[in-house]
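Participant: Have a look at the structure that comes next, please.
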Amino acid sequence: MQTYKDIEYSLSKSDRKTASIYIERDGSISVLAPAKWGQDQIEEVLERKRPWIYRGLAEWEDLNATRVTREFISGEGFLYLGRTYRLRIVENQKYPLVLKEGYFYLRSEAAEKSFETFKEFYRAKGQKKLQERIEYYKTRMGVKPGEVRIIELQNRWASCSENRNLNFHWKCLMAPMNVIDYIIVHELAHIRHKNHTDAFWGEIDKVMPDYRERKGWHRVNGAGMDL
């Protein structure tokens, strides 16, 4: 981490022409800057964007004031594809965790590792569902993504690497399918446009004219997408 006056941030550099500043999912600040930039140029951008950074942090605090803490006990609600399903602890079943008949069923023997069991459920379900949606949108957008992974991302919901590999946080599977589609389209657009330029948003708008609404749902409800 680095500090400029009262702003603490993480810095990454790459082969890009402009700098971007992000308020990450955990409330931290990250800066992506051109590889050739010096510290003075980075701090100049931070100073110019100070009002935006303050507003972003204040908004993050408001949205996360209602962050949900869930307990792995019978009756607790857990999200999957935008719906809440109550948990039932059962003695005997073939798999550690299953979703059926409107409930999550957790085998009692797996209760000690409930967090990891739920994570694995989201990963397994997500790999198939996201791959299907990526196949659909990549054709419409005319792009060729690389490997698709469902992993634990520290601060982001998803990312697109330099070699076009797509990474998605397993928590994405808690969102409604139309919001997951927005996350997918967002990352596919990064294959052509690395930065959030007008051209980037135009690329998304071509296939998803209501992306602002979907993006807004994610921004407001993201704090509840947790275990």
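Chain identifiers are assigned as A, B, and so on, following the order in which chains appear in the structure tokens; residues are numbered from 1 within each chain, and ligands are numbered from 1 in order of appearance.
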Can you check which parts of region 121-170 of chain A lie within 10 Å of region 197-214 of chain A? Per residue, the shortest pair of atoms and distance in Å to one decimal, counting only C-alpha atoms, sorted by chain and number, as CSV.
Facilitator:
residue,atom,partner,partner_atom,distance
A:Tyr137,CA,A:Val207,CA,8.2
A:Arg140,CA,A:Val207,CA,7.3
A:Met141,CA,A:Val207,CA,7.4
Participant: So that I can see what lies close to region 160-164 of chain A, please list as a list in words the residues with an atom at most 7 Å from it, counting only C-alpha atoms and leaving out residues fewer than 2 positions away in the same chain.
Facilitator: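 With the cut-off at 7 Å, the set is Pro145, Gly146, Leu166, Asn167, Glu187, His190 and Ile191 of chain A.
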Participant: For Ile29 (chain A), find every residue with an atom within 9 Å (counting only C-alpha atoms), except residues of its own chain fewer than 6 positions away, and show them as JSON, numbers by chain.
Facilitator: {"A": [7, 8, 9, 10, 11, 21, 22, 23, 53, 57]}
Participant: In Å, rounded to a single decimal, give me how far CA of Ser14 (chain A) is from CA of Leu188 (chain A).
Facilitator: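 Computing it gives 19.0 Å between the two atoms.
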Participant: I want to know what sits within 12 Å of Glu132 (chain A), based on only C-alpha atoms, with residues of the same chain fewer than 3 positions away left out; could you give that as an NGL selection string?
Facilitator: :A and (125-129 or 135-139 or 148 or 177 or 180-181 or 184)
Participant: Restricted to all heavy atoms, what would the selected residues look like written as a short mmCIF file (atom, residue, chain, number, x, y, z; two decimals), in the first residue's frame?
Facilitator:
data_model
loop_
_atom_site.label_atom_id
_atom_site.label_comp_id
_atom_site.auth_asym_id
_atom_site.auth_seq_id
_atom_site.Cartn_x
_atom_site.Cartn_y
_atom_site.Cartn_z
N LYS A 125 -21.51 -24.66 -9.48
CA LYS A 125 -22.65 -24.18 -10.24
C LYS A 125 -22.23 -23.08 -11.22
O LYS A 125 -22.71 -23.01 -12.35
CB LYS A 125 -23.72 -23.64 -9.30
CG LYS A 125 -24.37 -24.69 -8.40
CD LYS A 125 -25.22 -25.64 -9.22
CE LYS A 125 -25.96 -26.62 -8.31
NZ LYS A 125 -26.80 -27.58 -9.09
N GLY A 126 -21.33 -22.22 -10.77
CA GLY A 126 -20.93 -21.08 -11.58
C GLY A 126 -20.16 -21.46 -12.82
O GLY A 126 -20.31 -20.82 -13.87
N GLN A 127 -19.33 -22.49 -12.73
CA GLN A 127 -18.50 -22.86 -13.87
C GLN A 127 -19.36 -23.18 -15.09
O GLN A 127 -19.08 -22.73 -16.21
CB GLN A 127 -17.63 -24.07 -13.52
CG GLN A 127 -16.50 -24.30 -14.50
CD GLN A 127 -15.44 -23.20 -14.45
OE1 GLN A 127 -14.95 -22.87 -13.37
NE2 GLN A 127 -15.09 -22.63 -15.60
N LYS A 128 -20.43 -23.91 -14.88
CA LYS A 128 -21.30 -24.30 -16.00
C LYS A 128 -22.16 -23.12 -16.47
O LYS A 128 -22.24 -22.83 -17.66
CB LYS A 128 -22.20 -25.47 -15.58
CG LYS A 128 -23.11 -25.98 -16.69
CD LYS A 128 -23.87 -27.20 -16.22
CE LYS A 128 -24.73 -27.80 -17.35
NZ LYS A 128 -25.80 -26.91 -17.79
N LYS A 129 -22.79 -22.42 -15.52
CA LYS A 129 -23.70 -21.35 -15.89
C LYS A 129 -22.98 -20.19 -16.56
O LYS A 129 -23.45 -19.64 -17.56
CB LYS A 129 -24.46 -20.86 -14.65
CG LYS A 129 -25.52 -21.82 -14.16
CD LYS A 129 -26.34 -21.23 -13.04
CE LYS A 129 -27.44 -22.18 -12.62
NZ LYS A 129 -28.43 -22.39 -13.72
N GLU A 135 -20.47 -18.06 -23.73
CA GLU A 135 -20.58 -18.56 -25.10
C GLU A 135 -21.60 -17.73 -25.88
O GLU A 135 -21.40 -17.41 -27.06
CB GLU A 135 -20.99 -20.04 -25.10
CG GLU A 135 -19.91 -20.99 -24.61
CD GLU A 135 -18.71 -21.01 -25.52
OE1 GLU A 135 -18.89 -20.99 -26.76
OE2 GLU A 135 -17.57 -21.01 -25.00
N TYR A 136 -22.70 -17.39 -25.23
CA TYR A 136 -23.75 -16.62 -25.88
C TYR A 136 -23.28 -15.20 -26.21
O TYR A 136 -23.41 -14.73 -27.34
CB TYR A 136 -24.98 -16.57 -24.97
CG TYR A 136 -26.06 -15.63 -25.45
CD1 TYR A 136 -26.87 -15.96 -26.54
CD2 TYR A 136 -26.29 -14.42 -24.80
CE1 TYR A 136 -27.87 -15.10 -26.97
CE2 TYR A 136 -27.28 -13.55 -25.23
CZ TYR A 136 -28.07 -13.89 -26.32
OH TYR A 136 -29.05 -13.04 -26.75
N TYR A 137 -22.70 -14.51 -25.23
CA TYR A 137 -22.34 -13.11 -25.42
C TYR A 137 -21.06 -12.92 -26.24
O TYR A 137 -20.91 -11.92 -26.93
CB TYR A 137 -22.21 -12.42 -24.06
CG TYR A 137 -23.54 -12.03 -23.48
CD1 TYR A 137 -24.05 -12.69 -22.37
CD2 TYR A 137 -24.30 -11.01 -24.04
CE1 TYR A 137 -25.28 -12.34 -21.84
CE2 TYR A 137 -25.54 -10.65 -23.52
CZ TYR A 137 -26.02 -11.33 -22.41
OH TYR A 137 -27.25 -10.98 -21.90
N LYS A 138 -20.14 -13.86 -26.18
CA LYS A 138 -18.91 -13.68 -26.95
C LYS A 138 -19.21 -13.68 -28.45
O LYS A 138 -18.55 -12.99 -29.23
CB LYS A 138 -17.88 -14.75 -26.59
CG LYS A 138 -18.13 -16.12 -27.22
CD LYS A 138 -17.01 -17.09 -26.88
CE LYS A 138 -17.15 -18.41 -27.64
NZ LYS A 138 -16.07 -19.36 -27.29
N THR A 139 -20.21 -14.46 -28.86
CA THR A 139 -20.61 -14.48 -30.27
C THR A 139 -21.23 -13.16 -30.67
O THR A 139 -20.93 -12.60 -31.73
CB THR A 139 -21.61 -15.63 -30.52
OG1 THR A 139 -21.00 -16.87 -30.16
CG2 THR A 139 -22.03 -15.67 -31.98
N VAL A 148 -11.75 -19.54 -18.42
CA VAL A 148 -12.74 -19.00 -17.49
C VAL A 148 -12.57 -19.69 -16.14
O VAL A 148 -12.59 -20.93 -16.06
CB VAL A 148 -14.17 -19.21 -18.01
CG1 VAL A 148 -15.19 -18.71 -16.99
CG2 VAL A 148 -14.36 -18.50 -19.35
N MET A 177 -29.57 -13.57 -12.45
CA MET A 177 -28.91 -13.94 -13.69
C MET A 177 -28.70 -12.74 -14.59
O MET A 177 -27.68 -12.65 -15.30
CB MET A 177 -29.73 -15.01 -14.42
CG MET A 177 -28.92 -15.84 -15.38
SD MET A 177 -27.68 -16.87 -14.53
CE MET A 177 -26.25 -16.57 -15.57
N ILE A 180 -25.59 -11.08 -13.40
CA ILE A 180 -24.43 -11.89 -13.78
C ILE A 180 -24.11 -11.66 -15.26
O ILE A 180 -22.94 -11.54 -15.64
CB ILE A 180 -24.69 -13.38 -13.51
CG1 ILE A 180 -24.82 -13.63 -12.00
CG2 ILE A 180 -23.57 -14.25 -14.09
CD1 ILE A 180 -25.21 -15.04 -11.63
N ASP A 181 -25.14 -11.56 -16.08
CA ASP A 181 -24.92 -11.27 -17.51
C ASP A 181 -24.19 -9.94 -17.68
O ASP A 181 -23.31 -9.82 -18.54
CB ASP A 181 -26.26 -11.23 -18.24
CG ASP A 181 -26.79 -12.61 -18.58
OD1 ASP A 181 -26.06 -13.60 -18.38
OD2 ASP A 181 -27.93 -12.69 -19.06
N ILE A 184 -20.56 -10.39 -16.92
CA ILE A 184 -19.91 -11.10 -18.02
C ILE A 184 -19.64 -10.15 -19.19
O ILE A 184 -18.53 -10.10 -19.73
CB ILE A 184 -20.78 -12.28 -18.48
CG1 ILE A 184 -20.77 -13.39 -17.41
CG2 ILE A 184 -20.31 -12.83 -19.82
CD1 ILE A 184 -21.77 -14.50 -17.66
#
Participant: For Lys113 (chain A), please output as a ChimeraX atom specification all residues within 12 Å (counting only C-alpha atoms; exclusion window: fewer than 6 positions along the same chain).
Facilitator: /A:72,96-97,106-107,119-120
Participant: Kindly save the residues from that selection, with all heavy atoms included, as a JSON list (two decimals), in the first residue's frame.
Facilitator:
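Contents of result27.json, freshly written:
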[["chain", "number", "residue", "atom", "x", "y", "z"],
["A", 72, "PHE", "N", -24.56, -20.32, 9.93],
["A", 72, "PHE", "CA", -24.86, -21.60, 9.29],
["A", 72, "PHE", "C", -25.73, -22.45, 10.20],
["A", 72, "PHE", "O", -25.29, -23.48, 10.73],
["A", 72, "PHE", "CB", -23.56, -22.31, 8.91],
["A", 72, "PHE", "CG", -22.74, -21.54, 7.91],
["A", 72, "PHE", "CD1", -21.68, -20.74, 8.33],
["A", 72, "PHE", "CD2", -23.04, -21.59, 6.56],
["A", 72, "PHE", "CE1", -20.93, -20.02, 7.41],
["A", 72, "PHE", "CE2", -22.30, -20.88, 5.63],
["A", 72, "PHE", "CZ", -21.24, -20.08, 6.06],
["A", 96, "PRO", "N", -22.63, -33.02, 0.40],
["A", 96, "PRO", "CA", -22.55, -32.11, 1.57],
["A", 96, "PRO", "C", -23.60, -31.00, 1.54],
["A", 96, "PRO", "O", -24.14, -30.63, 2.58],
["A", 96, "PRO", "CB", -21.13, -31.54, 1.48],
["A", 96, "PRO", "CG", -20.36, -32.55, 0.70],
["A", 96, "PRO", "CD", -21.32, -33.12, -0.30],
["A", 97, "LEU", "N", -23.89, -30.47, 0.34],
["A", 97, "LEU", "CA", -24.84, -29.37, 0.22],
["A", 97, "LEU", "C", -25.62, -29.52, -1.08],
["A", 97, "LEU", "O", -25.04, -29.67, -2.15],
["A", 97, "LEU", "CB", -24.11, -28.02, 0.23],
["A", 97, "LEU", "CG", -24.98, -26.77, 0.11],
["A", 97, "LEU", "CD1", -25.83, -26.59, 1.37],
["A", 97, "LEU", "CD2", -24.11, -25.52, -0.09],
["A", 106, "LEU", "N", -27.93, -28.89, 4.13],
["A", 106, "LEU", "CA", -26.53, -29.08, 4.50],
["A", 106, "LEU", "C", -26.39, -30.31, 5.38],
["A", 106, "LEU", "O", -27.06, -30.41, 6.42],
["A", 106, "LEU", "CB", -26.02, -27.84, 5.26],
["A", 106, "LEU", "CG", -24.58, -27.90, 5.80],
["A", 106, "LEU", "CD1", -23.58, -27.93, 4.65],
["A", 106, "LEU", "CD2", -24.31, -26.71, 6.71],
["A", 107, "ARG", "N", -25.56, -31.24, 4.96],
["A", 107, "ARG", "CA", -25.33, -32.44, 5.75],
["A", 107, "ARG", "C", -24.64, -32.07, 7.06],
["A", 107, "ARG", "O", -23.66, -31.30, 7.05],
["A", 107, "ARG", "CB", -24.49, -33.44, 4.95],
["A", 107, "ARG", "CG", -24.43, -34.85, 5.55],
["A", 107, "ARG", "CD", -23.77, -35.80, 4.56],
["A", 107, "ARG", "NE", -22.39, -35.41, 4.29],
["A", 107, "ARG", "CZ", -21.71, -35.78, 3.20],
["A", 107, "ARG", "NH1", -22.29, -36.53, 2.27],
["A", 107, "ARG", "NH2", -20.46, -35.42, 3.03],
["A", 119, "LYS", "N", -18.91, -22.25, -0.59],
["A", 119, "LYS", "CA", -18.03, -21.74, -1.65],
["A", 119, "LYS", "C", -17.90, -22.74, -2.78],
["A", 119, "LYS", "O", -17.96, -22.37, -3.96],
["A", 119, "LYS", "CB", -16.65, -21.41, -1.07],
["A", 119, "LYS", "CG", -16.58, -20.11, -0.30],
["A", 119, "LYS", "CD", -15.25, -19.93, 0.40],
["A", 119, "LYS", "CE", -14.08, -19.91, -0.52],
["A", 119, "LYS", "NZ", -12.81, -19.62, 0.18],
["A", 120, "GLU", "N", -17.72, -24.00, -2.45],
["A", 120, "GLU", "CA", -17.57, -25.04, -3.47],
["A", 120, "GLU", "C", -18.87, -25.20, -4.26],
["A", 120, "GLU", "O", -18.84, -25.45, -5.48],
["A", 120, "GLU", "CB", -17.18, -26.37, -2.82],
["A", 120, "GLU", "CG", -16.91, -27.49, -3.82],
["A", 120, "GLU", "CD", -15.88, -27.10, -4.86],
["A", 120, "GLU", "OE1", -14.89, -26.41, -4.53],
["A", 120, "GLU", "OE2", -16.07, -27.51, -6.04]]
Participant: Which one of A:Ala223, A:Ala111, A:Leu99, A:Val90 sits closest to Gly27 (chain A) if you count only C-alpha atoms?
Facilitator: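 Answer, going by the shortest atom-to-atom distance: A:Ala223.
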Participant: If you measure from CA of Thr69 (chain A) to CA of Asn221 (chain A), what distance in Å do you get, rounded to one decimal?
Facilitator: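 According to the coordinates, CA of Thr69 (chain A) and CA of Asn221 (chain A) are separated by 14.0 Å.
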Participant: Grab the CA of Ile151 (chain A) to CA of Asp26 (chain A) distance for me, in Å with one decimal place.
Facilitator: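 Interatomic distance here is 16.4 Å.
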Participant: Hey, what's within 8 Å of His218 (chain A) if we count only C-alpha atoms and toss same-chain stuff fewer than 4 positions away? As a PyMOL selection string, please?
Facilitator: chain A and resi 175+179+214+222
Participant: For the selection you just gave me, I'd like the residues written to a file as a JSON list (two decimals), in the first residue's frame, keeping N, CA, C and O atoms.
Facilitator:
[["chain", "number", "residue", "atom", "x", "y", "z"],
["A", 175, "ALA", "N", -26.00, -13.22, -7.22],
["A", 175, "ALA", "CA", -26.74, -12.18, -7.92],
["A", 175, "ALA", "C", -27.76, -12.79, -8.88],
["A", 175, "ALA", "O", -27.62, -13.94, -9.30],
["A", 179, "VAL", "N", -27.99, -9.75, -13.72],
["A", 179, "VAL", "CA", -26.85, -9.01, -13.19],
["A", 179, "VAL", "C", -25.56, -9.76, -13.50],
["A", 179, "VAL", "O", -24.54, -9.15, -13.84],
["A", 214, "ARG", "N", -28.84, -2.71, -14.46],
["A", 214, "ARG", "CA", -28.22, -3.92, -13.91],
["A", 214, "ARG", "C", -27.01, -3.57, -13.05],
["A", 214, "ARG", "O", -26.80, -4.15, -11.97],
["A", 222, "GLY", "N", -24.63, -5.27, -3.55],
["A", 222, "GLY", "CA", -23.40, -6.04, -3.45],
["A", 222, "GLY", "C", -22.98, -6.38, -2.03],
["A", 222, "GLY", "O", -22.40, -7.43, -1.76]]
Participant: Restricting the calculation to only C-alpha atoms, which member of A:Ile150, A:Leu81, A:Ile73, A:Ile183 is positioned closest to Met225 (chain A)?
Facilitator: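 Once distances to Met225 (chain A) are computed over only C-alpha atoms, the minimum belongs to A:Leu81.
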Participant: Quick one: pick out all strand (DSSP E) residues within region 93-144 of chain A from a backbone DSSP run and write them as a short mmCIF file (atom, residue, chain, number, x, y, z; two decimals) with all heavy atoms, in the first residue's frame.
Facilitator:
data_model
loop_
_atom_site.label_atom_id
_atom_site.label_comp_id
_atom_site.auth_asym_id
_atom_site.auth_seq_id
_atom_site.Cartn_x
_atom_site.Cartn_y
_atom_site.Cartn_z
N LEU A 97 -23.89 -30.47 0.34
CA LEU A 97 -24.84 -29.37 0.22
C LEU A 97 -25.62 -29.52 -1.08
O LEU A 97 -25.04 -29.67 -2.15
CB LEU A 97 -24.11 -28.02 0.23
CG LEU A 97 -24.98 -26.77 0.11
CD1 LEU A 97 -25.83 -26.59 1.37
CD2 LEU A 97 -24.11 -25.52 -0.09
N VAL A 98 -26.94 -29.45 -0.97
CA VAL A 98 -27.79 -29.50 -2.16
C VAL A 98 -28.88 -28.44 -2.04
O VAL A 98 -29.26 -28.03 -0.95
CB VAL A 98 -28.45 -30.89 -2.35
CG1 VAL A 98 -27.41 -31.95 -2.62
CG2 VAL A 98 -29.29 -31.25 -1.14
N LEU A 99 -29.35 -27.98 -3.20
CA LEU A 99 -30.46 -27.04 -3.27
C LEU A 99 -31.62 -27.76 -3.94
O LEU A 99 -31.54 -28.13 -5.11
CB LEU A 99 -30.06 -25.80 -4.08
CG LEU A 99 -31.14 -24.73 -4.29
CD1 LEU A 99 -31.64 -24.19 -2.97
CD2 LEU A 99 -30.60 -23.60 -5.16
N LYS A 100 -32.71 -27.94 -3.19
CA LYS A 100 -33.86 -28.63 -3.75
C LYS A 100 -35.11 -28.23 -2.98
O LYS A 100 -35.04 -27.82 -1.80
CB LYS A 100 -33.68 -30.15 -3.70
CG LYS A 100 -33.60 -30.73 -2.29
CD LYS A 100 -33.43 -32.25 -2.31
CE LYS A 100 -33.40 -32.82 -0.87
NZ LYS A 100 -33.24 -34.29 -0.88
N TYR A 103 -35.08 -25.16 -0.66
CA TYR A 103 -34.24 -25.07 0.52
C TYR A 103 -32.81 -25.51 0.19
O TYR A 103 -32.58 -26.32 -0.72
CB TYR A 103 -34.75 -25.99 1.65
CG TYR A 103 -36.03 -25.52 2.29
CD1 TYR A 103 -37.27 -25.93 1.79
CD2 TYR A 103 -36.01 -24.67 3.40
CE1 TYR A 103 -38.46 -25.51 2.38
CE2 TYR A 103 -37.18 -24.24 4.00
CZ TYR A 103 -38.40 -24.66 3.48
OH TYR A 103 -39.57 -24.23 4.06
N PHE A 104 -31.86 -24.95 0.96
CA PHE A 104 -30.52 -25.50 0.98
C PHE A 104 -30.50 -26.58 2.06
O PHE A 104 -30.93 -26.35 3.20
CB PHE A 104 -29.49 -24.42 1.37
CG PHE A 104 -28.94 -23.64 0.21
CD1 PHE A 104 -29.19 -22.29 0.09
CD2 PHE A 104 -28.16 -24.26 -0.76
CE1 PHE A 104 -28.68 -21.56 -0.98
CE2 PHE A 104 -27.64 -23.56 -1.83
CZ PHE A 104 -27.90 -22.19 -1.94
N TYR A 105 -29.99 -27.76 1.71
CA TYR A 105 -29.84 -28.84 2.67
C TYR A 105 -28.35 -29.08 2.90
O TYR A 105 -27.62 -29.43 1.97
CB TYR A 105 -30.51 -30.12 2.16
CG TYR A 105 -32.02 -30.06 2.16
CD1 TYR A 105 -32.72 -29.54 1.08
CD2 TYR A 105 -32.75 -30.53 3.25
CE1 TYR A 105 -34.10 -29.49 1.07
CE2 TYR A 105 -34.14 -30.48 3.27
CZ TYR A 105 -34.81 -29.95 2.17
OH TYR A 105 -36.19 -29.90 2.17
N LEU A 106 -27.93 -28.89 4.13
CA LEU A 106 -26.53 -29.08 4.50
C LEU A 106 -26.39 -30.31 5.38
O LEU A 106 -27.06 -30.41 6.42
CB LEU A 106 -26.02 -27.84 5.26
CG LEU A 106 -24.58 -27.90 5.80
CD1 LEU A 106 -23.58 -27.93 4.65
CD2 LEU A 106 -24.31 -26.71 6.71
N ARG A 107 -25.56 -31.24 4.96
CA ARG A 107 -25.33 -32.44 5.75
C ARG A 107 -24.64 -32.07 7.06
O ARG A 107 -23.66 -31.30 7.05
CB ARG A 107 -24.49 -33.44 4.95
CG ARG A 107 -24.43 -34.85 5.55
CD ARG A 107 -23.77 -35.80 4.56
NE ARG A 107 -22.39 -35.41 4.29
CZ ARG A 107 -21.71 -35.78 3.20
NH1 ARG A 107 -22.29 -36.53 2.27
NH2 ARG A 107 -20.46 -35.42 3.03
#
Participant: Would you return as an MDAnalysis selection string the members of region 20-81 of chain A that DSSP assigns to helix (DSSP H, G or I) on this structure's backbone?
Facilitator: chainID A and resid 39:48 50:64
Participant: Under the rule that only C-alpha atoms are counted, which of A:Val185, A:Glu101, A:Ser74, A:Asp15 is the nearest residue to Arg88 (chain A)?
Facilitator: A:Ser74
Participant: Calculated over only C-alpha atoms, which of the candidates A:Arg25, A:Asn178, A:Gln39, A:Arg48 has the smallest distance to Gly82 (chain A)?
Facilitator: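 Of A:Arg25, A:Asn178, A:Gln39, A:Arg48, the one nearest Gly82 (chain A) is A:Asn178, counting only C-alpha atoms.
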Participant: Check the smallest atom-to-atom distance from each of A:Lys13, A:Arg50, A:Lys144, A:Lys94 to Ala189 (chain A) using only C-alpha atoms, then report the winner.
Facilitator: A:Lys144
Participant: For Gln2 (chain A), which of A:Ser20, A:Gly142, A:Lys36, A:Ile42 is the closest residue, counting only C-alpha atoms?
Facilitator: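 Using only C-alpha atoms, the shortest distance to Gln2 (chain A) belongs to A:Ile42.
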